[in-house]
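Peer 1: Got protein.cif for you, mmCIF, C-alpha atoms:
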data_start
#
loop_
_atom_site.label_atom_id
_atom_site.label_comp_id
_atom_site.auth_asym_id
_atom_site.auth_seq_id
_atom_site.Cartn_x
_atom_site.Cartn_y
_atom_site.Cartn_z
CA MET A 2 28.45 2.65 -12.66
CA ILE A 3 28.33 -1.16 -12.75
CA ALA A 4 29.43 -1.35 -9.11
CA ARG A 5 26.85 1.29 -8.16
CA ARG A 6 24.05 -0.78 -9.69
CA LEU A 7 25.42 -4.19 -8.72
CA SER A 8 25.67 -3.60 -4.99
CA PRO A 9 21.97 -2.66 -4.52
CA THR A 10 20.99 -5.68 -6.65
CA LEU A 11 23.15 -7.98 -4.53
CA LEU A 12 21.64 -6.49 -1.38
CA GLY A 13 18.12 -7.23 -2.66
CA VAL A 14 19.03 -10.82 -3.56
CA PHE A 15 20.77 -11.30 -0.19
CA VAL A 16 17.78 -10.03 1.83
CA ALA A 17 15.25 -12.10 -0.16
CA GLY A 18 17.51 -15.17 0.29
CA ALA A 19 17.88 -14.56 4.02
CA VAL A 20 14.11 -14.25 4.43
CA ALA A 21 13.62 -17.45 2.41
CA LEU A 22 15.99 -19.28 4.76
CA ALA A 23 14.37 -17.82 7.89
CA ALA A 24 10.69 -18.03 6.95
CA GLY A 25 10.46 -20.30 3.92
CA PRO A 26 10.72 -19.96 0.16
CA ARG A 27 7.25 -18.42 -0.17
CA ALA A 28 8.26 -15.62 2.20
CA GLY A 29 11.44 -15.01 0.20
CA LEU A 30 9.46 -14.92 -3.02
CA LEU A 31 6.91 -12.47 -1.58
CA LEU A 32 9.70 -10.21 -0.36
CA ALA A 33 11.16 -10.31 -3.87
CA ILE A 34 7.75 -9.38 -5.32
CA GLY A 35 7.61 -6.49 -2.85
CA ILE A 36 11.05 -5.37 -4.00
CA GLY A 37 9.66 -5.49 -7.54
CA PHE A 38 6.79 -3.20 -6.53
CA GLY A 39 9.30 -0.77 -5.03
CA LEU A 40 11.55 -0.87 -8.10
CA VAL A 41 8.63 -0.15 -10.43
CA LEU A 42 6.96 2.54 -8.31
CA GLU A 43 10.16 4.46 -7.53
CA GLY A 44 12.18 3.58 -10.63
CA LEU A 45 9.46 4.46 -13.12
CA ARG A 46 7.88 7.20 -10.97
CA PHE A 47 4.47 5.56 -10.91
CA GLY A 48 2.23 6.87 -8.15
CA PHE A 49 -1.35 7.35 -7.06
CA ALA A 50 -1.52 10.58 -5.04
CA GLY A 51 0.52 12.64 -7.53
CA PRO A 52 -1.57 11.77 -10.62
CA TRP A 53 -4.78 12.45 -8.71
CA ARG A 54 -3.42 15.89 -7.80
CA ALA A 55 -2.43 16.43 -11.43
CA MET A 56 -5.93 15.50 -12.60
CA ILE A 57 -7.70 17.72 -10.07
CA ALA A 58 -5.37 20.71 -10.21
CA GLU A 59 -4.10 20.64 -13.81
CA ARG A 60 -6.56 18.34 -15.60
CA ASP A 61 -3.58 16.15 -16.53
CA ALA A 62 -5.04 12.66 -16.99
CA ARG A 63 -1.91 10.73 -17.95
CA GLY A 64 -1.02 9.25 -14.56
CA LEU A 65 -4.62 8.41 -13.66
CA LEU A 66 -5.15 6.70 -17.01
CA ALA A 67 -2.03 4.62 -16.37
CA GLN A 68 -3.53 3.54 -13.03
CA LEU A 69 -6.74 2.44 -14.76
CA LEU A 70 -4.67 0.55 -17.35
CA ALA A 71 -2.76 -1.27 -14.59
CA ILE A 72 -6.02 -2.24 -12.90
CA ALA A 73 -7.56 -3.43 -16.19
CA LEU A 74 -4.50 -5.55 -17.04
CA ALA A 75 -4.47 -7.07 -13.56
CA ALA A 76 -8.22 -7.75 -13.69
CA ALA A 77 -7.88 -9.54 -17.03
CA ALA A 78 -5.67 -12.14 -15.32
CA ILE A 79 -7.09 -12.08 -11.79
CA PHE A 80 -10.75 -12.77 -12.68
CA PRO A 81 -10.04 -16.03 -14.55
CA LEU A 82 -7.56 -17.13 -11.87
CA LEU A 83 -10.12 -16.55 -9.11
CA ALA A 84 -12.83 -18.33 -11.12
CA ALA A 85 -10.66 -21.38 -11.74
CA ASN A 86 -9.16 -21.60 -8.24
CA PRO A 87 -11.77 -20.44 -5.72
CA LEU A 88 -10.35 -22.54 -2.87
CA GLU A 89 -6.73 -21.47 -3.21
CA LEU A 90 -7.05 -17.81 -4.20
CA SER A 91 -9.15 -15.14 -2.50
CA PRO A 92 -10.30 -11.76 -3.86
CA ALA A 93 -10.26 -8.38 -2.09
CA HIS A 94 -14.02 -8.28 -1.64
CA ALA A 95 -15.58 -6.13 1.08
CA PRO A 96 -18.96 -4.50 1.70
CA ILE A 97 -19.70 -0.84 1.06
CA GLY A 98 -20.55 0.91 4.31
CA VAL A 99 -20.95 4.35 5.88
CA GLY A 100 -17.66 4.06 7.77
CA MET A 101 -15.91 2.67 4.71
CA VAL A 102 -16.94 5.60 2.51
CA LEU A 103 -16.11 8.16 5.21
CA GLY A 104 -12.73 6.50 5.71
CA ALA A 105 -11.96 6.60 2.00
CA PHE A 106 -12.88 10.30 1.82
CA VAL A 107 -10.61 11.16 4.74
CA PHE A 108 -7.83 8.96 3.33
CA GLY A 109 -8.03 10.80 0.02
CA ALA A 110 -7.63 14.12 1.83
CA ALA A 111 -4.78 12.89 4.05
CA MET A 112 -2.84 11.36 1.17
CA GLN A 113 -2.71 14.73 -0.57
CA VAL A 114 -1.58 16.40 2.63
CA VAL A 115 1.39 14.05 3.13
CA MET A 116 1.94 13.67 -0.63
CA GLY A 117 1.78 9.89 -0.45
CA CYS A 118 -0.85 7.16 -0.44
CA GLY A 119 -0.43 3.69 1.08
CA SER A 120 2.22 2.54 -1.37
CA GLY A 121 3.54 6.08 -1.84
CA THR A 122 4.30 6.50 1.85
CA LEU A 123 6.38 3.30 1.83
CA VAL A 124 8.16 4.34 -1.37
CA ASN A 125 8.84 7.83 -0.04
CA ALA A 126 10.27 6.49 3.22
CA GLY A 127 12.45 3.95 1.42
CA SER A 128 13.79 6.50 -1.02
CA GLY A 129 14.79 8.88 1.73
CA ASN A 130 11.99 11.42 1.84
CA LEU A 131 11.70 12.70 5.42
CA ILE A 132 8.03 13.64 5.04
CA GLY A 133 7.33 10.06 3.92
CA LEU A 134 9.24 8.60 6.88
CA ILE A 135 7.35 10.74 9.39
CA ALA A 136 4.05 9.91 7.69
CA LEU A 137 4.91 6.19 7.77
CA ALA A 138 5.44 6.29 11.54
CA GLY A 139 2.02 7.92 11.87
CA PHE A 140 0.50 5.46 9.39
CA VAL A 141 1.62 2.48 11.52
CA ALA A 142 0.12 4.03 14.65
CA GLY A 143 -3.09 5.05 12.88
CA ALA A 144 -3.65 1.70 11.14
CA PHE A 145 -3.38 0.01 14.55
CA TRP A 146 -5.58 2.60 16.27
CA GLY A 147 -8.23 2.07 13.61
CA THR A 148 -8.40 -1.65 14.42
CA LEU A 149 -9.59 -0.75 17.92
CA HIS A 150 -12.70 0.97 16.57
CA THR A 151 -13.71 -1.20 13.64
CA GLU A 152 -16.86 -2.47 15.37
CA PHE A 153 -18.13 1.11 15.78
CA TRP A 154 -17.47 2.15 12.19
CA PHE A 155 -18.81 -1.03 10.63
CA GLY A 156 -21.84 -0.79 12.94
CA LEU A 157 -22.87 2.47 11.26
CA GLY A 158 -24.33 0.43 8.43
CA GLN A 159 -23.14 -1.71 5.57
CA LEU A 160 -24.64 -2.98 2.36
CA PRO A 161 -24.51 -6.69 1.61
CA LEU A 162 -21.33 -7.76 -0.17
CA ILE A 163 -21.66 -6.87 -3.86
CA SER A 164 -19.11 -7.83 -6.47
CA ALA A 165 -18.82 -7.74 -10.24
CA GLN A 166 -18.98 -11.53 -10.10
CA SER A 167 -22.25 -11.46 -8.16
CA LEU A 168 -23.71 -9.00 -10.70
CA GLY A 169 -22.45 -10.53 -13.94
CA GLY A 170 -21.04 -13.97 -13.20
CA GLU A 171 -17.38 -15.00 -13.20
CA MET A 172 -16.43 -13.80 -16.69
CA GLY A 173 -19.35 -11.40 -17.12
CA GLY A 174 -17.99 -9.65 -14.05
CA LEU A 175 -14.68 -9.14 -15.81
CA TRP A 176 -16.39 -7.53 -18.79
CA LEU A 177 -18.43 -5.34 -16.44
CA THR A 178 -15.23 -4.23 -14.70
CA LEU A 179 -13.37 -3.56 -17.95
CA ALA A 180 -16.36 -1.64 -19.32
CA ALA A 181 -16.57 0.46 -16.15
CA LEU A 182 -12.83 1.19 -16.30
CA ALA A 183 -13.16 2.19 -19.96
CA LEU A 184 -16.12 4.44 -19.14
CA VAL A 185 -14.18 6.19 -16.38
CA ALA A 186 -11.19 6.55 -18.72
CA VAL A 187 -13.38 8.19 -21.38
CA GLY A 188 -14.85 10.56 -18.79
CA ILE A 189 -11.38 11.49 -17.58
CA CYS A 190 -10.17 12.07 -21.16
CA LEU A 191 -13.12 14.37 -21.82
CA ARG A 192 -12.28 16.35 -18.70
CA ALA A 193 -8.52 16.49 -19.38
CA VAL A 194 -6.84 19.28 -21.31
CA PRO A 195 -5.54 18.42 -24.78
CA GLY A 196 -2.02 16.99 -24.74
CA LYS A 197 -2.49 15.48 -21.28
CA ARG A 198 -4.51 12.44 -22.29
CA ARG A 199 -1.91 9.94 -23.42
CA PRO A 200 0.30 8.27 -20.80
CA PRO A 201 3.98 8.20 -21.76
CA ALA A 202 5.71 4.88 -22.50
CA ARG A 203 7.30 4.97 -19.03
CA LEU A 204 3.91 4.87 -17.31
CA ILE A 205 2.51 2.24 -19.68
CA LEU A 206 5.53 0.05 -18.91
CA ALA A 207 5.06 0.67 -15.19
CA ALA A 208 1.34 -0.17 -15.41
CA THR A 209 2.14 -3.44 -17.19
CA LEU A 210 4.82 -4.42 -14.68
CA LEU A 211 2.61 -3.51 -11.71
CA ALA A 212 -0.21 -5.65 -13.08
CA ALA A 213 2.20 -8.57 -13.57
CA LEU A 214 3.53 -8.19 -10.02
CA ALA A 215 -0.03 -7.97 -8.62
CA VAL A 216 -0.91 -11.23 -10.39
CA ALA A 217 2.31 -12.82 -9.09
CA ASN A 218 1.35 -11.67 -5.59
CA LEU A 219 -2.01 -13.45 -5.94
CA VAL A 220 -0.51 -16.63 -7.39
CA VAL A 221 2.22 -16.90 -4.74
CA SER A 222 0.34 -15.78 -1.62
CA GLY A 223 -3.24 -16.75 -2.51
CA GLN A 224 -4.46 -13.21 -1.87
CA THR A 225 -4.40 -9.86 -3.62
CA TRP A 226 -1.85 -7.11 -3.03
CA GLY A 227 -2.41 -5.13 0.15
CA ILE A 228 -0.58 -2.69 2.41
CA VAL A 229 -2.65 -1.57 5.40
CA TYR A 230 -3.03 -4.87 7.26
CA GLY A 231 0.73 -5.27 7.64
CA LEU A 232 1.22 -1.74 8.96
CA GLY A 233 -1.61 -2.20 11.48
CA LEU A 234 -0.01 -5.48 12.55
CA TRP A 235 3.33 -3.75 13.16
CA GLY A 236 1.54 -1.16 15.31
CA ALA A 237 -0.30 -3.87 17.23
CA LYS A 238 2.91 -5.77 17.93
CA LEU A 239 4.58 -2.60 19.21
CA ALA A 240 1.53 -1.76 21.33
CA GLN A 241 1.52 -5.26 22.79
CA ALA A 242 5.22 -4.96 23.58
CA GLY A 243 4.39 -1.70 25.34
CA GLY A 244 1.92 -3.51 27.61
CA ALA A 245 -1.36 -3.20 25.70
CA ASP A 246 -3.72 -6.13 26.23
CA LEU A 247 -5.27 -6.88 22.85
CA ALA A 248 -6.80 -10.24 23.77
CA ASN A 249 -10.23 -8.63 24.13
CA ALA A 250 -9.90 -6.02 21.38
CA GLY A 251 -12.55 -7.07 18.85
CA PHE A 252 -10.34 -7.03 15.75
CA TRP A 253 -7.38 -8.76 17.40
CA ALA A 254 -9.60 -11.20 19.32
CA ASN A 255 -10.59 -12.65 15.94
CA PRO A 256 -8.72 -15.99 15.79
CA ALA A 257 -7.14 -15.27 12.39
CA ASN A 258 -5.85 -11.85 13.44
CA SER A 259 -4.79 -13.14 16.85
CA ALA A 260 -2.71 -15.84 15.14
CA HIS A 261 -0.94 -13.21 13.03
CA LEU A 262 -0.32 -11.06 16.10
CA ASN A 263 1.46 -13.90 17.84
CA ALA A 264 3.37 -15.17 14.80
CA SER A 265 6.45 -13.76 13.11
CA ILE A 266 6.03 -10.72 10.89
CA LEU A 267 7.76 -12.80 8.24
CA THR A 268 4.67 -15.02 8.00
CA ASP A 269 2.38 -12.09 7.14
CA VAL A 270 1.92 -11.56 3.41
CA THR A 271 1.32 -7.79 3.48
CA SER A 272 4.23 -7.25 5.88
CA LEU A 273 6.57 -9.08 3.53
CA THR A 274 5.56 -7.09 0.45
CA ASN A 275 5.65 -3.85 2.48
CA ILE A 276 9.21 -4.58 3.63
CA GLY A 277 10.17 -5.44 0.06
CA LEU A 278 8.55 -2.27 -1.26
CA ILE A 279 10.56 -0.06 1.09
CA LEU A 280 13.73 -1.95 0.19
CA GLY A 281 12.99 -1.72 -3.55
CA ALA A 282 12.57 2.05 -3.35
CA PHE A 283 15.83 2.27 -1.38
CA LEU A 284 17.67 0.22 -4.01
CA VAL A 285 16.48 2.53 -6.78
CA MET A 286 17.61 5.59 -4.84
CA ARG A 287 21.04 4.05 -4.14
CA GLY A 288 21.40 2.90 -7.74
CA ARG A 289 21.00 6.41 -9.13
CA ALA A 290 24.05 8.48 -9.99
CA THR A 291 22.80 11.05 -7.49
CA PRO A 292 20.20 10.20 -4.82
CA GLY A 293 18.21 13.35 -5.56
CA ALA A 294 17.57 16.45 -3.54
CA PRO A 295 16.23 15.93 -0.02
CA ALA A 296 12.60 16.80 0.66
CA GLN A 297 12.11 20.48 1.40
CA PRO A 298 12.62 20.96 5.14
CA LEU A 299 9.61 21.50 7.39
CA ALA A 300 9.26 23.57 10.52
CA TRP A 301 8.78 21.54 13.73
CA LYS A 302 5.10 22.42 13.61
CA GLY A 303 4.93 21.12 10.05
CA MET A 304 6.59 17.83 11.07
CA ALA A 305 4.10 17.38 13.91
CA LEU A 306 1.22 18.03 11.53
CA VAL A 307 2.61 15.51 9.01
CA LEU A 308 2.81 12.94 11.81
CA ILE A 309 -0.82 13.63 12.71
CA ALA A 310 -1.81 13.43 9.04
CA GLY A 311 0.01 10.08 8.88
CA VAL A 312 -2.04 8.83 11.84
CA VAL A 313 -5.20 9.99 10.05
CA LEU A 314 -4.01 8.23 6.89
CA GLY A 315 -3.55 4.95 8.74
CA TYR A 316 -6.75 5.20 10.78
CA SER A 317 -8.90 6.09 7.79
CA SER A 318 -7.40 3.32 5.63
CA ARG A 319 -8.32 0.77 8.29
CA ILE A 320 -11.97 1.82 8.45
CA ALA A 321 -12.05 2.25 4.65
CA LEU A 322 -11.11 -1.45 4.35
CA GLY A 323 -7.92 -0.67 2.50
CA CYS A 324 -5.94 2.07 0.83
CA ASN A 325 -5.29 2.87 -2.84
CA VAL A 326 -3.73 -0.58 -3.14
CA GLY A 327 -5.89 -2.95 -1.07
CA ALA A 328 -9.24 -1.27 -1.76
CA PHE A 329 -8.82 0.53 -5.09
CA PHE A 330 -6.25 -1.45 -7.08
CA SER A 331 -6.94 -4.92 -5.66
CA GLY A 332 -10.62 -4.33 -4.92
CA VAL A 333 -11.50 -3.22 -8.45
CA SER A 334 -9.17 -5.70 -10.16
CA SER A 335 -10.74 -8.60 -8.25
CA GLY A 336 -14.33 -7.38 -8.69
CA SER A 337 -15.27 -5.72 -5.41
CA LEU A 338 -17.80 -2.91 -5.68
CA HIS A 339 -16.31 -1.36 -2.55
CA GLY A 340 -13.21 -0.59 -4.63
CA TRP A 341 -15.29 1.68 -6.84
CA ALA A 342 -16.98 3.37 -3.87
CA TRP A 343 -13.51 3.85 -2.37
CA PHE A 344 -12.28 5.48 -5.59
CA VAL A 345 -15.15 7.99 -5.78
CA ALA A 346 -14.96 8.93 -2.08
CA ALA A 347 -11.15 9.16 -1.99
CA PHE A 348 -11.03 11.25 -5.16
CA ALA A 349 -13.50 13.72 -3.64
CA GLY A 350 -11.39 13.74 -0.47
CA SER A 351 -8.27 14.46 -2.51
CA ALA A 352 -9.79 17.71 -3.76
CA LEU A 353 -10.22 18.79 -0.14
CA GLY A 354 -6.73 17.58 0.80
CA LEU A 355 -5.09 19.74 -1.84
CA LYS A 356 -6.66 22.81 -0.22
CA LEU A 357 -5.42 21.70 3.22
CA ARG A 358 -1.83 20.97 2.12
CA PRO A 359 -0.42 24.51 2.58
CA PHE A 360 -1.71 24.58 6.17
CA VAL A 361 0.15 21.36 7.06
CA LEU A 362 3.41 21.47 5.13
CA ILE A 363 4.72 24.48 7.03
CA ARG A 364 8.24 25.42 5.93
CA PRO A 365 10.74 26.93 8.35
CA ARG A 366 11.14 30.68 8.17
CA ALA A 367 14.15 31.76 6.19
CA GLN A 368 16.87 33.26 8.42
CA GLY A 369 16.61 36.99 8.51
CA ALA A 370 13.03 36.97 7.27
CA PRO A 371 10.69 39.31 9.12
CA ALA A 372 8.62 37.63 11.84
CA MET B 1 18.24 23.83 9.64
CA THR B 2 20.07 21.71 7.05
CA PRO B 3 17.76 19.04 5.62
CA LEU B 4 18.82 15.40 6.08
CA SER B 5 20.08 13.88 2.85
CA ARG B 6 18.03 11.14 1.17
CA PRO B 7 20.55 8.36 1.97
CA LYS B 8 20.52 9.35 5.67
CA VAL B 9 16.70 9.37 5.87
CA ALA B 10 16.51 6.04 4.02
CA LEU B 11 19.11 4.58 6.37
CA ILE B 12 16.99 5.63 9.35
CA ALA B 13 13.97 3.94 7.73
CA LEU B 14 15.86 0.70 7.02
CA THR B 15 17.44 0.66 10.48
CA ALA B 16 14.02 1.02 12.11
CA LEU B 17 12.62 -1.71 9.87
CA THR B 18 15.53 -4.06 10.63
CA ALA B 19 15.16 -3.40 14.35
CA LEU B 20 11.45 -4.26 14.11
CA ILE B 21 12.14 -7.52 12.27
CA VAL B 22 14.96 -8.61 14.61
CA TRP B 23 12.99 -7.69 17.74
CA ASP B 24 9.91 -9.50 16.39
CA ALA B 25 11.96 -12.59 15.54
CA ALA B 26 13.28 -12.62 19.09
CA ALA B 27 9.84 -12.05 20.62
CA SER B 28 7.65 -14.21 18.36
CA GLY B 29 10.19 -16.70 17.10
CA LEU B 30 10.72 -17.75 13.51
CA PRO B 31 8.36 -20.13 11.68
CA ASP B 32 8.95 -23.86 12.04
CA PRO B 33 10.92 -24.91 8.93
CA PHE B 34 9.01 -28.20 8.83
CA ARG B 35 5.74 -26.30 8.50
CA PHE B 36 6.65 -23.81 5.78
CA PRO B 37 3.77 -23.33 3.33
CA ALA B 38 4.09 -24.50 -0.28
CA VAL B 39 6.22 -22.14 -2.35
CA ILE B 40 3.22 -21.06 -4.44
CA ALA B 41 -0.38 -20.95 -3.23
CA LEU B 42 -1.79 -21.70 -6.68
CA GLY B 43 -1.87 -25.46 -7.05
CA SER B 44 -1.04 -26.09 -3.39
CA GLY B 45 -4.52 -27.33 -2.54
CA ALA B 46 -4.50 -25.15 0.59
CA ALA B 47 -6.83 -22.27 1.36
CA PRO B 48 -5.11 -18.88 1.80
CA THR B 49 -4.31 -18.10 5.43
CA GLY B 50 -2.97 -14.59 4.98
CA ALA B 51 -4.88 -11.56 6.18
CA HIS B 52 -5.83 -8.68 3.90
CA CYS B 53 -6.72 -5.02 4.33
CA THR B 54 -10.34 -5.87 3.51
CA ALA B 55 -10.57 -8.05 6.66
CA ASN B 56 -13.12 -6.74 9.16
#
Will you turn the file into structure tokens for me?

Peer 2:
Amino acid sequence: MIARRLSPTLLGVFVAGAVALAAGPRAGLLLAIGIGFGLVLEGLRFGFAGPWRAMIAERDARGLLAQLLAIALAAAAIFPLLAANPLELSPAHAPIGVGMVLGAFVFGAAMQVVMGCGSGTLVNAGSGNLIGLIALAGFVAGAFWGTLHTEFWFGLGQLPLISAQSLGGEMGGLWLTLAALALVAVGICLRAVPGKRRPPARLILAATLLAALAVANLVVSGQTWGIVYGLGLWGAKLAQAGGADLANAGFWANPANSAHLNASILTDVTSLTNIGLILGAFLVMRGRATPGAPAQPLAWKGMALVLIAGVVLGYSSRIALGCNVGAFFSGVSSGSLHGWAWFVAAFAGSALGLKLRPFVLIRPRAQGAPA
Amino acid sequence: MTPLSRPKVALIALTALTALIVWDAAASGLPDPFRFPAVIALGSGAAPTGAHCTAN
């Protein structure tokens, strides 16, 4: 058992060390933080899509309450850090817009179809879930595709940037955010069935660790935890290698994005934590006595539909200005009002996605079953 | 059709990821070791240069 657990740990240390040597100690540290995210999400079974399904379908609030706890704990540290270090640390602030809300709604639906959100897709792929791996391939393509149309979607109309800090001041904004989280938690508890209102110790531990890792991510990288940018960057690099000219594509023509496109992936913060997250989930799976049953097989048509749903997931997360991590977790915990709009729209979309799931996850016919 | 085991699927994922990193390192090059950023952004005095999902 010791050998089984030691070898994945050594692999994680080796990879983080190799990245530190190749791209600098900050890169190695960010990869290690990403591994931490993967260990917590897969090891303690903390997710976003699953608890939303449980809340909508079974009125089981435990997972969703744990998410709100994680966000509140992260906010309690992130707000003061941002206030004290405005030049070195940046929040996940973005404007609410028509395209953003539409994107969040579609993302919410798609994440229920593929049974994984932004972080969930990475975790699923790393832990050996075939549906997650197929969805991840689609996510990369979709997140890149979305960057080609950002001007159109953002042109549909946006509100000025509104944040908790702009409404209540640096620390008043924190109290506003905590009060809003508490209000939502009370509403969820009222809606939940008795016995499904108290998160188990496992989820409370996971929420605490996630919040600590999110704060570490901010302190080390200077920005909040995100997922989508890195996946879009991977897609853009592959597209460029395939001959696509992105010099005049609005999003990639932006000097900051252009610099990332032409630099090593190992210099991109979200890429590093994404790689670490996949690796962390893999290490948990390998460290278990048994890796678990494989995902239920899909028919070829089902696989194609999951790939398409993955593309939709990536595309919609780009125009929604983030996924459950970048927009919801990091947006709300750093004071962005768009994080709240994202939450409402994506939750509504999830209700639709649950109805669509049986039409996408098509299982192969059992042999001998009537046609 | 027999489903692929979890270790096999994860190995495919990690192989693809490794291939992406190695290919990218060959195509884009690795960062200049003399221009590595400070280990920790907080206290470095430098503005963050990373890109986030909220970028538009």

Peer 1: Around the point (-8.6, -5.3, 9.0) (coordinates from the file), which residues reach within 10 Å if we count all atoms listed in the file? Answer as number ranges by chain.

Peer 2: A: 144-145, 147-148, 151, 229-231, 233-234, 252-253, 258, 318-323; B: 51-56

Peer 1: Between atom CA of A:Leu137 and atom CA of A:Thr122, measure the distance and give it in Å to one decimal.

Peer 2: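 These two atoms are separated by 6.0 Å.
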
Peer 1: Selected by the PyMOL selection byres ((chain A and resi 355-362) around 7) in the shown coordinates: which residues, as a VMD selection string?

Peer 2: chain A and resid 113 to 114 299 303 306 to 307 351 to 354 363 to 364

Peer 1: Do you have the atom CA of A:Phe15-atom CA of A:Gly39 distance handy?

Peer 2: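 Result for atom CA of A:Phe15 versus atom CA of A:Gly39: 16.3 Å, one decimal.
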
Peer 1: Could you tell me which residues the PyMOL selection byres ((chain B) within 6 of (chain A)) grabs in this file, written as a list in words?

Peer 2: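 For this structure, the PyMOL selection byres ((chain B) within 6 of (chain A)) captures Pro3, Ser5, Arg6, Pro7, Val9, Ala10, Ser28, Leu30, Pro31, Phe36, Val39, Ile40, Ala41, Leu42, Ala46, Ala47, Pro48, Gly50, His52, Cys53 and Thr54 of chain B.
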
Peer 1: For the residues selected in the previous step, produce a file with C-alpha atoms as a compact mmCIF listing (two decimals), in the coordinates of the input.

Peer 2:
# COMPACT_ATOMS: atom_id res chain seq x y z
CA PRO B 3 17.76 19.04 5.62
CA SER B 5 20.08 13.88 2.85
CA ARG B 6 18.03 11.14 1.17
CA PRO B 7 20.55 8.36 1.97
CA VAL B 9 16.70 9.37 5.87
CA ALA B 10 16.51 6.04 4.02
CA SER B 28 7.65 -14.21 18.36
CA LEU B 30 10.72 -17.75 13.51
CA PRO B 31 8.36 -20.13 11.68
CA PHE B 36 6.65 -23.81 5.78
CA VAL B 39 6.22 -22.14 -2.35
CA ILE B 40 3.22 -21.06 -4.44
CA ALA B 41 -0.38 -20.95 -3.23
CA LEU B 42 -1.79 -21.70 -6.68
CA ALA B 46 -4.50 -25.15 0.59
CA ALA B 47 -6.83 -22.27 1.36
CA PRO B 48 -5.11 -18.88 1.80
CA GLY B 50 -2.97 -14.59 4.98
CA HIS B 52 -5.83 -8.68 3.90
CA CYS B 53 -6.72 -5.02 4.33
CA THR B 54 -10.34 -5.87 3.51

Peer 1: To one decimal place in Å, what is the distance between atom CA of A:Val99 and atom CA of A:Gly158?

Peer 2: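 According to the coordinates, atom CA of A:Val99 and atom CA of A:Gly158 are separated by 5.8 Å.
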
Peer 1: Once the PyMOL selection byres ((chain A and resi 98) around 6) has been applied to the shown file, what residues remain in the selection, as a compact mmCIF listing (two decimals) with C-alpha atoms, keeping the file's coordinate frame?

Peer 2:
# COMPACT_ATOMS: atom_id res chain seq x y z
CA ILE A 97 -19.70 -0.84 1.06
CA VAL A 99 -20.95 4.35 5.88
CA GLY A 100 -17.66 4.06 7.77
CA MET A 101 -15.91 2.67 4.71
CA GLY A 158 -24.33 0.43 8.43
CA GLN A 159 -23.14 -1.71 5.57
CA LEU A 160 -24.64 -2.98 2.36
